[in-house]
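First up is the structure itself, then whatever we jot down about it.
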Amino acid sequence: MANDRHTYNPNGVNSRQVGLRFKPDELTRIQDIAKKENRTLANMTRVLVLRGLEHYQGEPKNVS
């Protein structure tokens, strides 16, 4: 029997949850962007993390 529980995860996402803490001004900025894009705070945070990861992996690394 298939699992019929509802999930709020995007399709294909079933990994662990990760808690994040932001400074009040950072959280306000993220909330403003989420509202502007009509997204939930969790979804907006996920989008920003994934975009940041792409940017981070694309930067040349300094070898020291």
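Every chain in the structure tokens takes a letter, A first, then B, and so on in the order presented; its residues are numbered from 1, and the ligands are numbered from 1 following the presented order.
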
Quick one: residues within 12 Å of Leu20 (chain A), only C-alpha atoms, excluding same-chain residues fewer than 6 positions away - as a count of residues only?
7

So, with only C-alpha atoms as the atoms that count, which of A:Arg29, A:Val18, A:Ala34, A:Lys61 lies closest to Val47 (chain A)?
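The shortest atom-to-atom distance to Val47 (chain A) comes from A:Ala34.
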
Just list the residues in chain A DSSP gives alpha helix (DSSP H) on the backbone, as a PyMOL selection string.
chain A and resi 24-36+41-58

Restricting the output to C-alpha atoms, write the selected residues as a PDB file, in the first residue's frame.
ATOM      1  CA  PRO A  24      16.327  40.028  12.221  1.00  0.00           C
ATOM      2  CA  ASP A  25      17.303  42.203   9.244  1.00  0.00           C
ATOM      3  CA  GLU A  26      18.241  39.147   7.156  1.00  0.00           C
ATOM      4  CA  LEU A  27      14.920  37.470   7.955  1.00  0.00           C
ATOM      5  CA  THR A  28      13.013  40.628   7.038  1.00  0.00           C
ATOM      6  CA  ARG A  29      14.799  40.787   3.681  1.00  0.00           C
ATOM      7  CA  ILE A  30      13.962  37.140   2.941  1.00  0.00           C
ATOM      8  CA  GLN A  31      10.338  37.623   4.010  1.00  0.00           C
ATOM      9  CA  ASP A  32      10.031  40.672   1.739  1.00  0.00           C
ATOM     10  CA  ILE A  33      11.403  38.746  -1.245  1.00  0.00           C
ATOM     11  CA  ALA A  34       9.118  35.768  -0.491  1.00  0.00           C
ATOM     12  CA  LYS A  35       6.076  38.026  -0.338  1.00  0.00           C
ATOM     13  CA  LYS A  36       7.036  39.758  -3.586  1.00  0.00           C
ATOM     14  CA  LEU A  41       9.308  31.539   3.633  1.00  0.00           C
ATOM     15  CA  ALA A  42      10.571  27.936   3.536  1.00  0.00           C
ATOM     16  CA  ASN A  43      10.393  27.775  -0.249  1.00  0.00           C
ATOM     17  CA  MET A  44      12.066  31.157  -0.683  1.00  0.00           C
ATOM     18  CA  THR A  45      14.855  30.148   1.677  1.00  0.00           C
ATOM     19  CA  ARG A  46      15.370  26.901  -0.263  1.00  0.00           C
ATOM     20  CA  VAL A  47      15.529  28.814  -3.562  1.00  0.00           C
ATOM     21  CA  LEU A  48      18.066  31.271  -2.158  1.00  0.00           C
ATOM     22  CA  VAL A  49      20.239  28.490  -0.718  1.00  0.00           C
ATOM     23  CA  LEU A  50      20.238  26.596  -4.017  1.00  0.00           C
ATOM     24  CA  ARG A  51      21.090  29.759  -5.980  1.00  0.00           C
ATOM     25  CA  GLY A  52      23.853  30.542  -3.509  1.00  0.00           C
ATOM     26  CA  LEU A  53      25.200  27.002  -3.841  1.00  0.00           C
ATOM     27  CA  GLU A  54      25.360  27.364  -7.626  1.00  0.00           C
ATOM     28  CA  HIS A  55      27.195  30.672  -7.231  1.00  0.00           C
ATOM     29  CA  TYR A  56      29.569  29.236  -4.622  1.00  0.00           C
ATOM     30  CA  GLN A  57      30.452  26.212  -6.734  1.00  0.00           C
ATOM     31  CA  GLY A  58      31.070  28.415  -9.772  1.00  0.00           C
TER      32      GLY A  58
END
